[in-house]
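Structure file run.pdb (PDB, C-alpha atoms) follows.
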```
ATOM      1  CA  MET A 150     -21.855   3.197   5.676  1.00  0.00           C
ATOM      2  CA  ILE A 151     -22.206   6.853   4.704  1.00  0.00           C
ATOM      3  CA  SER A 152     -19.364   9.384   4.492  1.00  0.00           C
ATOM      4  CA  THR A 153     -19.462  13.124   3.829  1.00  0.00           C
ATOM      5  CA  ILE A 154     -17.383  14.764   1.104  1.00  0.00           C
ATOM      6  CA  SER A 155     -15.139  17.572   2.402  1.00  0.00           C
ATOM      7  CA  SER A 156     -14.788  20.988   0.742  1.00  0.00           C
ATOM      8  CA  LYS A 157     -11.565  19.639  -0.840  1.00  0.00           C
ATOM      9  CA  GLY A 158     -13.443  16.692  -2.403  1.00  0.00           C
ATOM     10  CA  GLN A 159     -12.000  14.200   0.065  1.00  0.00           C
ATOM     11  CA  VAL A 160     -13.791  11.253   1.659  1.00  0.00           C
ATOM     12  CA  THR A 161     -12.641   9.619   4.879  1.00  0.00           C
ATOM     13  CA  LEU A 162     -12.796   5.822   4.975  1.00  0.00           C
ATOM     14  CA  GLY A 163     -13.705   4.398   8.353  1.00  0.00           C
ATOM     15  CA  ASN A 164     -11.527   1.923  10.238  1.00  0.00           C
ATOM     16  CA  GLU A 165     -13.906  -0.912   9.338  1.00  0.00           C
ATOM     17  CA  VAL A 166     -13.335  -0.260   5.617  1.00  0.00           C
ATOM     18  CA  LEU A 167      -9.561   0.056   6.061  1.00  0.00           C
ATOM     19  CA  ARG A 168      -9.398  -3.235   7.977  1.00  0.00           C
ATOM     20  CA  HIS A 169     -11.577  -4.972   5.385  1.00  0.00           C
ATOM     21  CA  LEU A 170      -9.273  -3.830   2.565  1.00  0.00           C
ATOM     22  CA  GLY A 171      -6.113  -4.513   4.582  1.00  0.00           C
ATOM     23  CA  LEU A 172      -4.993  -0.894   4.297  1.00  0.00           C
ATOM     24  CA  ALA A 173      -2.792   1.228   6.542  1.00  0.00           C
ATOM     25  CA  PRO A 174      -1.743   4.894   6.384  1.00  0.00           C
ATOM     26  CA  GLY A 175       0.375   5.517   3.289  1.00  0.00           C
ATOM     27  CA  ASP A 176      -1.071   2.568   1.349  1.00  0.00           C
ATOM     28  CA  ARG A 177      -2.532   3.180  -2.092  1.00  0.00           C
ATOM     29  CA  VAL A 178      -5.990   2.390  -3.467  1.00  0.00           C
ATOM     30  CA  VAL A 179      -7.433   1.923  -6.942  1.00  0.00           C
ATOM     31  CA  LEU A 180     -10.766   3.539  -7.765  1.00  0.00           C
ATOM     32  CA  GLU A 181     -12.560   2.216 -10.847  1.00  0.00           C
ATOM     33  CA  LEU A 182     -15.484   4.214 -12.221  1.00  0.00           C
ATOM     34  CA  LEU A 183     -18.458   2.043 -13.209  1.00  0.00           C
ATOM     35  CA  PRO A 184     -21.733   2.781 -14.990  1.00  0.00           C
ATOM     36  CA  GLY A 185     -24.730   3.959 -13.002  1.00  0.00           C
ATOM     37  CA  HIS A 186     -22.889   6.398 -10.687  1.00  0.00           C
ATOM     38  CA  CYS A 187     -20.984   3.518  -9.067  1.00  0.00           C
ATOM     39  CA  CYS A 188     -17.324   2.887  -8.418  1.00  0.00           C
ATOM     40  CA  LYS A 189     -15.110   0.068  -7.172  1.00  0.00           C
ATOM     41  CA  LEU A 190     -12.454   0.702  -4.515  1.00  0.00           C
ATOM     42  CA  GLN A 191      -9.708  -1.811  -3.796  1.00  0.00           C
ATOM     43  CA  ALA A 192      -6.238  -1.958  -2.318  1.00  0.00           C
ATOM     44  CA  ALA A 193      -3.534  -1.330  -4.929  1.00  0.00           C
ATOM     45  CA  ARG A 194      -1.195  -4.217  -5.606  1.00  0.00           C
ATOM     46  CA  ALA A 195       2.516  -3.690  -5.162  1.00  0.00           C
ATOM     47  CA  GLU A 196       4.267  -2.740  -8.377  1.00  0.00           C
ATOM     48  CA  GLY A 197       7.629  -3.972  -9.524  1.00  0.00           C
ATOM     49  CA  SER A 198       9.274  -7.221 -10.377  1.00  0.00           C
ATOM     50  CA  ILE A 199      11.444  -9.718  -8.581  1.00  0.00           C
ATOM     51  CA  ASN A 200      14.392  -8.503 -10.676  1.00  0.00           C
ATOM     52  CA  SER A 201      14.048  -4.966  -9.321  1.00  0.00           C
ATOM     53  CA  PHE A 202      13.736  -6.361  -5.797  1.00  0.00           C
ATOM     54  CA  ILE A 203      16.884  -8.523  -5.938  1.00  0.00           C
ATOM     55  CA  GLY A 204      19.853  -6.544  -4.690  1.00  0.00           C
ATOM     56  CA  LEU A 205      17.711  -3.719  -3.327  1.00  0.00           C
ATOM     57  CA  LEU A 206      19.658  -3.575  -0.066  1.00  0.00           C
ATOM     58  CA  ALA A 207      23.108  -4.242  -1.531  1.00  0.00           C
ATOM     59  CA  GLY A 208      25.666  -1.615  -0.568  1.00  0.00           C
ATOM     60  CA  HIS A 209      23.333   0.357   1.720  1.00  0.00           C
ATOM     61  CA  SER A 210      25.064  -0.672   4.942  1.00  0.00           C
ATOM     62  CA  LYS A 211      28.390  -2.010   6.173  1.00  0.00           C
ATOM     63  CA  GLN A 212      26.652  -3.897   8.989  1.00  0.00           C
ATOM     64  CA  ALA A 213      25.171  -7.340   8.564  1.00  0.00           C
ATOM     65  CA  ALA A 214      21.387  -7.397   8.958  1.00  0.00           C
ATOM     66  CA  THR A 215      19.623  -9.746  11.352  1.00  0.00           C
ATOM     67  CA  LEU A 216      17.079 -12.217  10.013  1.00  0.00           C
ATOM     68  CA  ASP A 217      14.254 -10.097  11.462  1.00  0.00           C
ATOM     69  CA  GLU A 218      15.638  -6.975   9.743  1.00  0.00           C
ATOM     70  CA  ILE A 219      15.890  -8.841   6.445  1.00  0.00           C
ATOM     71  CA  LYS A 220      12.289 -10.085   6.789  1.00  0.00           C
ATOM     72  CA  ALA A 221      11.042  -6.562   7.581  1.00  0.00           C
ATOM     73  CA  SER A 222      12.961  -5.025   4.667  1.00  0.00           C
ATOM     74  CA  THR A 223      11.702  -7.722   2.333  1.00  0.00           C
ATOM     75  CA  ALA A 224       8.085  -7.166   3.381  1.00  0.00           C
ATOM     76  CA  ASN A 225       8.380  -3.377   3.021  1.00  0.00           C
ATOM     77  CA  ALA A 226      10.127  -3.551  -0.345  1.00  0.00           C
ATOM     78  CA  TRP A 227       7.653  -6.032  -1.755  1.00  0.00           C
ATOM     79  CA  ALA A 228       4.788  -3.796  -0.575  1.00  0.00           C
ATOM     80  CA  GLY A 229       6.383  -0.780  -2.269  1.00  0.00           C
ATOM     81  CA  LYS A 230       7.190   1.031   0.994  1.00  0.00           C
ATOM     82  CA  LEU A 231      10.944   1.446   0.432  1.00  0.00           C
TER
END
```
What would you get if you wrote out this structure as structure tokens?
Amino acid sequence: MISTISSKGQVTLGNEVLRHLGLAPGDRVVLELLPGHCCKLQAARAEGSINSFIGLLAGHSKQAATLDEIKASTANAWAGKL
């Protein structure tokens, strides 16, 4: 796969690459520079700890959340999207 560098120094990753890495718009990547004009690109892992996650939603709403809402919030928070 070949991509062209834009005038701003940006490279567009094709859908095949995004699917392979499990990436979606807004996700972060890590680029590691290697010897021999090479680099390694991978999906960034979510940062944070379970302690910072616990209680994340406490006090943000007076309504009780459904199980589906809790699952969605948990997934987003753990992925660093909240």
Item to check | Given the PyMOL selection byres ((chain A and resi 188-197) around 6), the residues it picks as JSON, numbers by chain | outcome: {"A": [177, 178, 179, 180, 181, 182, 183, 187, 198, 228, 229]}
Checklist entry - So how many Å separate atom CA of A:Ala213 and atom CA of A:Trp227, to one decimal? => result 20.4 Å
Item to check | For atom CA of A:Leu216 and atom CA of A:Arg168, the interatomic separation in Å (one decimal) | outcome: 28.0 Å
Checklist entry - To one decimal place, how far is atom CA of A:Ile151 from atom CA of A:Gly185 in Å? => result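 Atom CA of A:Ile151 sits 18.1 Å away from atom CA of A:Gly185.
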Next on the checklist: as a ChimeraX atom specification, please: the residues near stretch 160-164 of chain A (cut-off 12 Å, only C-alpha atoms, same-chain neighbours under 5 positions excluded).
Outcome noted: /A:150-155,169-174,178,190
Selected residues written out, C-alpha atoms, as a JSON list (two decimals), keeping the file's coordinate frame:
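Full text of part_3.json as output:
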```json
[["chain", "number", "residue", "atom", "x", "y", "z"],
["A", 150, "MET", "CA", -21.86, 3.20, 5.68],
["A", 151, "ILE", "CA", -22.21, 6.85, 4.70],
["A", 152, "SER", "CA", -19.36, 9.38, 4.49],
["A", 153, "THR", "CA", -19.46, 13.12, 3.83],
["A", 154, "ILE", "CA", -17.38, 14.76, 1.10],
["A", 155, "SER", "CA", -15.14, 17.57, 2.40],
["A", 169, "HIS", "CA", -11.58, -4.97, 5.38],
["A", 170, "LEU", "CA", -9.27, -3.83, 2.56],
["A", 171, "GLY", "CA", -6.11, -4.51, 4.58],
["A", 172, "LEU", "CA", -4.99, -0.89, 4.30],
["A", 173, "ALA", "CA", -2.79, 1.23, 6.54],
["A", 174, "PRO", "CA", -1.74, 4.89, 6.38],
["A", 178, "VAL", "CA", -5.99, 2.39, -3.47],
["A", 190, "LEU", "CA", -12.45, 0.70, -4.51]]
```
